[in-house]
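*Asks:* Below is the structure I would like to discuss, written out as structure tokens.
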Amino acid sequence: MTALATPTRGDGAKRIVDGEFVFTEEDFRRIASMLHGETGIVVSESKATLVYSRLAKRLRTLGLENFKAYCGLISSDAGLGERQEMFAALTTNVTRFFREPHHFEHLKTRILPPLIDAARRGGKVRIWSAACSSGQEPYSAAMTLLSLAPDAANLDIKILATDIDPNMVADGRAGVYSESLISPVPPEMRKRWFSPAPGGGGQQIADEVRALVSFRELNLIGDWPMKGRFNAIFCRNVVIYFGEDTQAKIWSRFAPMLAPDGVLYIGHSERVSGPATDRFTPDGVTTYRINSGAAK
């Protein structure tokens with residue numbers, strides 16, 4: 001950050017980032033407070049330059065002169081749509097197919113085989129990708145599942161994919177990815193489950209894979225309308241952006257969402273914390289099983 005020596009706005013406020021638009025401590029505070037209040041994400045003033053760079057594009061698009069005007073807009077009733085654009089701009093959406101592959105190996109070898117056997121006897125399989133970004137995670141789970149159960153379309157198997165960002169949810173539903181994005185997909189899966197997208201512009205994942213996944217918008221610190229339990233929940237590399245209290249609440253909320261013997265997969269930099277530590281048992285690298293009796 002670069003602090004300027006002289007006021008740069010009529011009210012005497014000073015910039016905290018040197019750039020095209022005036023961005024003050026008060027502007028940052030209002031944006032950070034709104035981001036935390038509605039998404040649970042904590043952003044410190046050390047990230048002011050990042051916030052500025054991501055939102056300056058929105059100011060140009062809207063034709064606004066400074067961040068004070070932008071804060072006024074997103075605080076108004078008329079600014080609901082722009083608030084969503086702001087959250088999308090400030091949300092990290094780093095993902096890739098088969099990211100942290102040990103989780104998908106665990107899913108394939110430890111979780112899915114008995115569930116698929118049960119599904120062929122009339123049972124069901126439910127998986128939740130709780131911060132799905134543009135869809136690579138739930139589609140990786142779907143391809144893993146299809147590698148074991150090519151007849152999945154005839155079974156009661158469903159994957160729920162949720163994200164706070166409506167743009168990412170739309171991208172996931174479309175299921176179109178560039179050649180570089182599908183490079184982590186094993187060659188045999190790439191050949192089987194991807195084909196050139198209509199009109200060019202990338203590779204589209206097969207309808208058989210897409211049919212297993214339902215995409216929905218969901219705020220992890222808001223209401224969870226799902227009624228049933230899940231055999232596996234992926235919530236990776238998102239809770240780390242929340243404050244400690246919010247992290248503990250999220251982990252605790254997952255426990256009753258898991259079926260008996262269900263598993264929670266979390267990010268490589270995350271650890272289950274708070275009261276939930278008594279409800280989960282480690283079952284591999286950043287992998288936790290629900291304790292017997294905890295999923296009630």
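Chains: A, B, ... in order of the structure tokens. Residues: from 1 per chain. Ligands: from 1, in order shown.
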Could you build a table of the residues in range 97-139 of chain A lying no more than 7 Å from range 145-162 of chain A, giving for each the nearest pair of atoms and their separation in Å rounded to one decimal place, using only C-alpha atoms, ordered by chain and ascending residue number, as a Markdown table?

*Replies:*
| residue | atom | partner | partner_atom | distance |
| --- | --- | --- | --- | --- |
| A:Ala119 | CA | A:Leu155 | CA | 6.2 |
| A:Arg120 | CA | A:Leu155 | CA | 6.6 |
| A:Gly123 | CA | A:Asp156 | CA | 6.9 |
| A:Lys124 | CA | A:Asp156 | CA | 4.8 |
| A:Val125 | CA | A:Ile157 | CA | 4.7 |
| A:Arg126 | CA | A:Lys158 | CA | 5.3 |
| A:Ile127 | CA | A:Ile159 | CA | 4.7 |
| A:Trp128 | CA | A:Leu160 | CA | 4.7 |
| A:Ser129 | CA | A:Ala161 | CA | 4.7 |
| A:Ala130 | CA | A:Thr162 | CA | 5.3 |
| A:Ala131 | CA | A:Thr162 | CA | 5.7 |
| A:Cys132 | CA | A:Ala161 | CA | 5.5 |
| A:Pro138 | CA | A:Ala161 | CA | 6.2 |

*Asks:* Got time to write the residues from that selection, C-alpha atoms, as a PDB file, in the first residue's frame?

*Replies:*
ATOM      1  CA  ALA A 119     -27.365 -48.308  -4.414  1.00  0.00           C
ATOM      2  CA  ARG A 120     -27.721 -51.354  -6.663  1.00  0.00           C
ATOM      3  CA  GLY A 123     -30.039 -47.409  -1.612  1.00  0.00           C
ATOM      4  CA  LYS A 124     -28.868 -43.918  -2.480  1.00  0.00           C
ATOM      5  CA  VAL A 125     -25.593 -42.013  -2.734  1.00  0.00           C
ATOM      6  CA  ARG A 126     -25.353 -38.300  -1.982  1.00  0.00           C
ATOM      7  CA  ILE A 127     -22.253 -36.092  -2.328  1.00  0.00           C
ATOM      8  CA  TRP A 128     -22.020 -32.354  -1.681  1.00  0.00           C
ATOM      9  CA  SER A 129     -19.414 -30.033  -3.176  1.00  0.00           C
ATOM     10  CA  ALA A 130     -19.925 -27.135  -0.781  1.00  0.00           C
ATOM     11  CA  ALA A 131     -17.846 -24.492  -2.566  1.00  0.00           C
ATOM     12  CA  CYS A 132     -17.843 -25.805  -6.112  1.00  0.00           C
ATOM     13  CA  PRO A 138     -18.076 -31.979  -8.424  1.00  0.00           C
TER      14      PRO A 138
END

*Asks:* For Asp278 in chain A, list every protein, DNA or RNA residue within 10 Å, evaluated using only C-alpha atoms, and leave out those in the same chain fewer than 5 positions away; present the list as number ranges by chain.

*Replies:* A: 252, 272-273, 290-291, 294

*Asks:* Write out as a list of chain:residue names each polymer residue whose atoms come within 12 Å of Gly284 in chain A, counting only C-alpha atoms; drop sequence neighbours fewer than 4 positions from it.

*Replies:*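 Neighbouring residues, sequence-local ones excluded: A:His102, A:His103, A:Phe104, A:Glu105, A:His106, A:Leu107, A:Arg110, A:Val263, A:Leu264, A:Tyr265, A:Ile266, A:His268, A:Phe280, A:Tyr288, A:Arg289.
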
*Asks:* Now that the selection is made, can you save its residues with N, CA and C atoms as a compact mmCIF listing (two decimals), in the first residue's frame?

*Replies:*
# COMPACT_ATOMS: atom_id res chain seq x y z
N HIS A 102 -5.45 -37.10 -3.56
CA HIS A 102 -5.63 -38.11 -2.52
C HIS A 102 -7.08 -38.20 -2.05
N HIS A 103 -7.80 -37.08 -2.13
CA HIS A 103 -9.21 -37.11 -1.74
C HIS A 103 -10.03 -37.97 -2.69
N PHE A 104 -9.77 -37.85 -3.97
CA PHE A 104 -10.53 -38.63 -4.95
C PHE A 104 -10.13 -40.10 -4.91
N GLU A 105 -8.88 -40.38 -4.56
CA GLU A 105 -8.46 -41.76 -4.37
C GLU A 105 -9.16 -42.36 -3.15
N HIS A 106 -9.26 -41.59 -2.09
CA HIS A 106 -9.97 -42.03 -0.88
C HIS A 106 -11.44 -42.27 -1.20
N LEU A 107 -12.04 -41.35 -1.94
CA LEU A 107 -13.44 -41.50 -2.33
C LEU A 107 -13.64 -42.77 -3.15
N ARG A 110 -12.28 -46.05 -0.68
CA ARG A 110 -12.78 -46.25 0.69
C ARG A 110 -14.27 -45.95 0.86
N VAL A 263 -17.99 -38.84 5.29
CA VAL A 263 -16.64 -38.28 5.31
C VAL A 263 -16.65 -36.83 4.87
N LEU A 264 -15.78 -36.04 5.48
CA LEU A 264 -15.61 -34.63 5.16
C LEU A 264 -14.20 -34.43 4.62
N TYR A 265 -14.11 -33.85 3.41
CA TYR A 265 -12.82 -33.52 2.80
C TYR A 265 -12.61 -32.02 2.90
N ILE A 266 -11.46 -31.59 3.44
CA ILE A 266 -11.18 -30.17 3.60
C ILE A 266 -9.85 -29.83 2.92
N HIS A 268 -5.97 -28.33 2.07
CA HIS A 268 -4.66 -28.71 2.60
C HIS A 268 -4.17 -27.78 3.71
N PHE A 280 -15.54 -35.56 14.78
CA PHE A 280 -14.86 -36.13 13.62
C PHE A 280 -13.58 -36.85 14.04
N TYR A 288 -11.82 -36.47 7.16
CA TYR A 288 -12.39 -36.74 8.47
C TYR A 288 -13.65 -37.59 8.34
N ARG A 289 -13.75 -38.62 9.18
CA ARG A 289 -14.96 -39.43 9.27
C ARG A 289 -15.82 -38.90 10.41

*Asks:* Considering only C-alpha atoms, return as a list in words whatever protein or nucleic-acid residues lie within 9 Å of Trp251 in chain A, sequence-local ones (same chain, fewer than 5 positions apart) excluded.

*Replies:*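 Selected residues are Val239, Thr246, Val272, Ser273, Gly274, Pro275, Ala276 and Thr277 of chain A.
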
*Asks:* Take the residues that were just selected and, keeping C-alpha atoms, output them as a PDB file, in the first residue's frame.

*Replies:*
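And here's result32.pdb as it stands now:
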ATOM      1  CA  VAL A 239     -13.297 -21.931   5.265  1.00  0.00           C
ATOM      2  CA  THR A 246     -17.168 -18.761  11.743  1.00  0.00           C
ATOM      3  CA  VAL A 272     -11.338 -28.966  11.794  1.00  0.00           C
ATOM      4  CA  SER A 273     -11.544 -26.754  14.879  1.00  0.00           C
ATOM      5  CA  GLY A 274     -13.832 -25.888  17.775  1.00  0.00           C
ATOM      6  CA  PRO A 275     -16.520 -28.215  19.172  1.00  0.00           C
ATOM      7  CA  ALA A 276     -16.553 -30.202  15.905  1.00  0.00           C
ATOM      8  CA  THR A 277     -13.192 -31.769  16.805  1.00  0.00           C
TER       9      THR A 277
END

*Asks:* Counting only C-alpha atoms, which residues of range 160-192 of chain A sit at most 12 Å from some atom of range 200-212 of chain A, and what is each one's closest atom pair with its distance in Å to one decimal, listed by chain and rising residue number, as a Markdown table?

*Replies:*
| residue | atom | partner | partner_atom | distance |
| --- | --- | --- | --- | --- |
| A:Leu160 | CA | A:Leu212 | CA | 8.5 |
| A:Ala161 | CA | A:Leu212 | CA | 10.2 |
| A:Asp171 | CA | A:Gln204 | CA | 11.1 |
| A:Gly172 | CA | A:Arg210 | CA | 9.1 |
| A:Arg173 | CA | A:Arg210 | CA | 7.7 |
| A:Ala174 | CA | A:Gln204 | CA | 7.9 |
| A:Gly175 | CA | A:Ile205 | CA | 5.5 |
| A:Val176 | CA | A:Gln204 | CA | 4.3 |
| A:Tyr177 | CA | A:Gln203 | CA | 5.3 |
| A:Ser178 | CA | A:Gly202 | CA | 4.5 |
| A:Glu179 | CA | A:Gly202 | CA | 6.2 |
| A:Ser180 | CA | A:Gly202 | CA | 9.3 |
| A:Leu181 | CA | A:Gln203 | CA | 9.3 |
| A:Ile182 | CA | A:Gln203 | CA | 8.1 |
| A:Ser183 | CA | A:Gln203 | CA | 11.0 |
| A:Val185 | CA | A:Ile205 | CA | 11.2 |
| A:Met189 | CA | A:Ile205 | CA | 10.3 |
| A:Arg190 | CA | A:Ile205 | CA | 8.8 |
| A:Lys191 | CA | A:Ile205 | CA | 10.3 |
| A:Arg192 | CA | A:Ala206 | CA | 8.2 |

*Asks:* Using only C-alpha atoms, determine which residues lie at most 10 Å from Ala69 in chain A, disregarding the query and same-chain residues fewer than 6 positions distant; provide the list as a ChimeraX atom specification.

*Replies:* /A:27,59,75

*Asks:* Could you write out that same residue set with N, CA and C atoms as a short mmCIF file (atom, residue, chain, number, x, y, z; two decimals), in the first residue's frame?

*Replies:*
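Wrote it out as again_27.cif, contents follow:
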data_model
loop_
_atom_site.label_atom_id
_atom_site.label_comp_id
_atom_site.auth_asym_id
_atom_site.auth_seq_id
_atom_site.Cartn_x
_atom_site.Cartn_y
_atom_site.Cartn_z
N ASP A 27 -13.60 3.78 2.93
CA ASP A 27 -14.11 2.98 1.82
C ASP A 27 -13.78 1.50 2.05
N LEU A 59 -15.72 -0.06 -11.06
CA LEU A 59 -15.92 1.39 -11.12
C LEU A 59 -15.86 1.88 -12.56
N SER A 75 -24.47 0.02 -0.94
CA SER A 75 -25.19 0.11 0.33
C SER A 75 -26.67 0.41 0.13
#

*Asks:* Using only C-alpha atoms, determine which residues lie at most 12 Å from Ala88 in chain A, disregarding the query and same-chain residues fewer than 5 positions distant; provide the list as a VMD selection string.

*Replies:* chain A and resid 35 39 51 54 to 55 58 81 to 83 93 133 163 to 169

*Asks:* Write the residues of the selection above to a file with N, CA and C atoms, as a CSV table (one decimal), in the first residue's frame.

*Replies:*
chain,number,residue,atom,x,y,z
A,35,LEU,N,-18.6,-7.4,3.1
A,35,LEU,CA,-18.1,-8.7,2.7
A,35,LEU,C,-18.2,-9.7,3.8
A,39,THR,N,-20.8,-12.8,3.7
A,39,THR,CA,-20.2,-14.0,3.2
A,39,THR,C,-19.4,-14.7,4.3
A,51,VAL,N,-8.1,-5.6,-3.0
A,51,VAL,CA,-9.5,-5.1,-3.1
A,51,VAL,C,-9.6,-4.0,-4.1
A,54,ARG,N,-9.3,-5.4,-7.8
A,54,ARG,CA,-10.4,-6.2,-8.3
A,54,ARG,C,-11.6,-5.4,-8.5
A,55,LEU,N,-11.8,-4.3,-7.7
A,55,LEU,CA,-13.0,-3.5,-7.8
A,55,LEU,C,-12.9,-2.3,-8.7
A,58,ARG,N,-14.9,-2.6,-11.7
A,58,ARG,CA,-16.3,-2.4,-11.6
A,58,ARG,C,-16.6,-0.9,-11.7
A,81,GLY,N,-27.7,-6.0,-7.1
A,81,GLY,CA,-27.0,-6.7,-8.2
A,81,GLY,C,-25.5,-6.4,-8.1
A,82,GLU,N,-25.2,-5.1,-7.8
A,82,GLU,CA,-23.7,-4.8,-7.8
A,82,GLU,C,-23.1,-5.4,-6.6
A,83,ARG,N,-23.8,-5.6,-5.5
A,83,ARG,CA,-23.2,-6.2,-4.3
A,83,ARG,C,-22.8,-7.7,-4.7
A,93,ASN,N,-11.6,-18.0,-6.6
A,93,ASN,CA,-12.2,-19.1,-7.3
A,93,ASN,C,-11.1,-20.0,-8.0
A,133,SER,N,-17.1,-23.6,-7.0
A,133,SER,CA,-16.5,-22.7,-8.0
A,133,SER,C,-17.1,-23.0,-9.3
A,163,ASP,N,-22.3,-22.9,-4.7
A,163,ASP,CA,-21.3,-21.8,-4.6
A,163,ASP,C,-22.1,-20.5,-4.3
A,164,ILE,N,-21.4,-19.5,-3.7
A,164,ILE,CA,-22.1,-18.2,-3.5
A,164,ILE,C,-22.1,-17.4,-4.7
A,165,ASP,N,-21.2,-17.6,-5.7
A,165,ASP,CA,-21.0,-16.8,-6.8
A,165,ASP,C,-21.9,-17.3,-8.0
A,166,PRO,N,-22.9,-16.6,-8.4
A,166,PRO,CA,-23.8,-17.0,-9.4
A,166,PRO,C,-23.1,-17.2,-10.8
A,167,ASN,N,-22.1,-16.4,-11.0
A,167,ASN,CA,-21.3,-16.6,-12.2
A,167,ASN,C,-20.6,-18.0,-12.3
A,168,MET,N,-20.0,-18.4,-11.2
A,168,MET,CA,-19.4,-19.7,-11.1
A,168,MET,C,-20.4,-20.8,-11.2
A,169,VAL,N,-21.6,-20.6,-10.6
A,169,VAL,CA,-22.6,-21.7,-10.8
A,169,VAL,C,-23.0,-21.8,-12.2

*Asks:* Would you please work out which residue, of A:Ser140, A:Ser134, A:Met226, A:Leu50, is nearest to Pro186 in chain A when using only C-alpha atoms?

*Replies:*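 Residue with the minimum atom-to-atom distance to Pro186 in chain A: A:Ser140.
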
*Asks:* Run DSSP on the backbone and give me the residues of range 4-120 of chain A it puts in alpha helix (DSSP H), as a PyMOL selection string.

*Replies:* chain A and resi 25-39+48-62+67-74+80-90+101-106+112-119

*Asks:* Can you work out the spacing between CA of Phe67 in chain A and CA of Thr24 in chain A in Å, to one decimal?

*Replies:*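 Taking CA of Phe67 in chain A and CA of Thr24 in chain A, their separation equals 7.8 Å.
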
*Asks:* Pick out the residues sitting within 8 Å of Phe242 in chain A, and hand them over as JSON, numbers by chain; count only C-alpha atoms, and ignore anything fewer than 3 positions along from it in its own chain.

*Replies:* {"A": [40, 41, 42, 238, 239, 246, 247]}

*Asks:* Give me every strand (DSSP E or B) residue in range 124-288 of chain A, going by DSSP on the backbone, as a PyMOL selection string.

*Replies:* chain A and resi 124-129+156-163+176-177+194-196+203-205+213-217+230-235+242+258-266+280-282+287-288

*Asks:* Between A:Gly262, A:Gly267, A:Lys108, A:Asp223, which is the closest to Ile240 in chain A once you count only C-alpha atoms?

*Replies:*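 The shortest atom-to-atom distance to Ile240 in chain A comes from A:Gly267.
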
*Asks:* For Glu38 in chain A, which residue among A:Leu220, A:Ile250, A:Ile233, A:Ala259 is the nearest when counting only C-alpha atoms?

*Replies:* A:Leu220
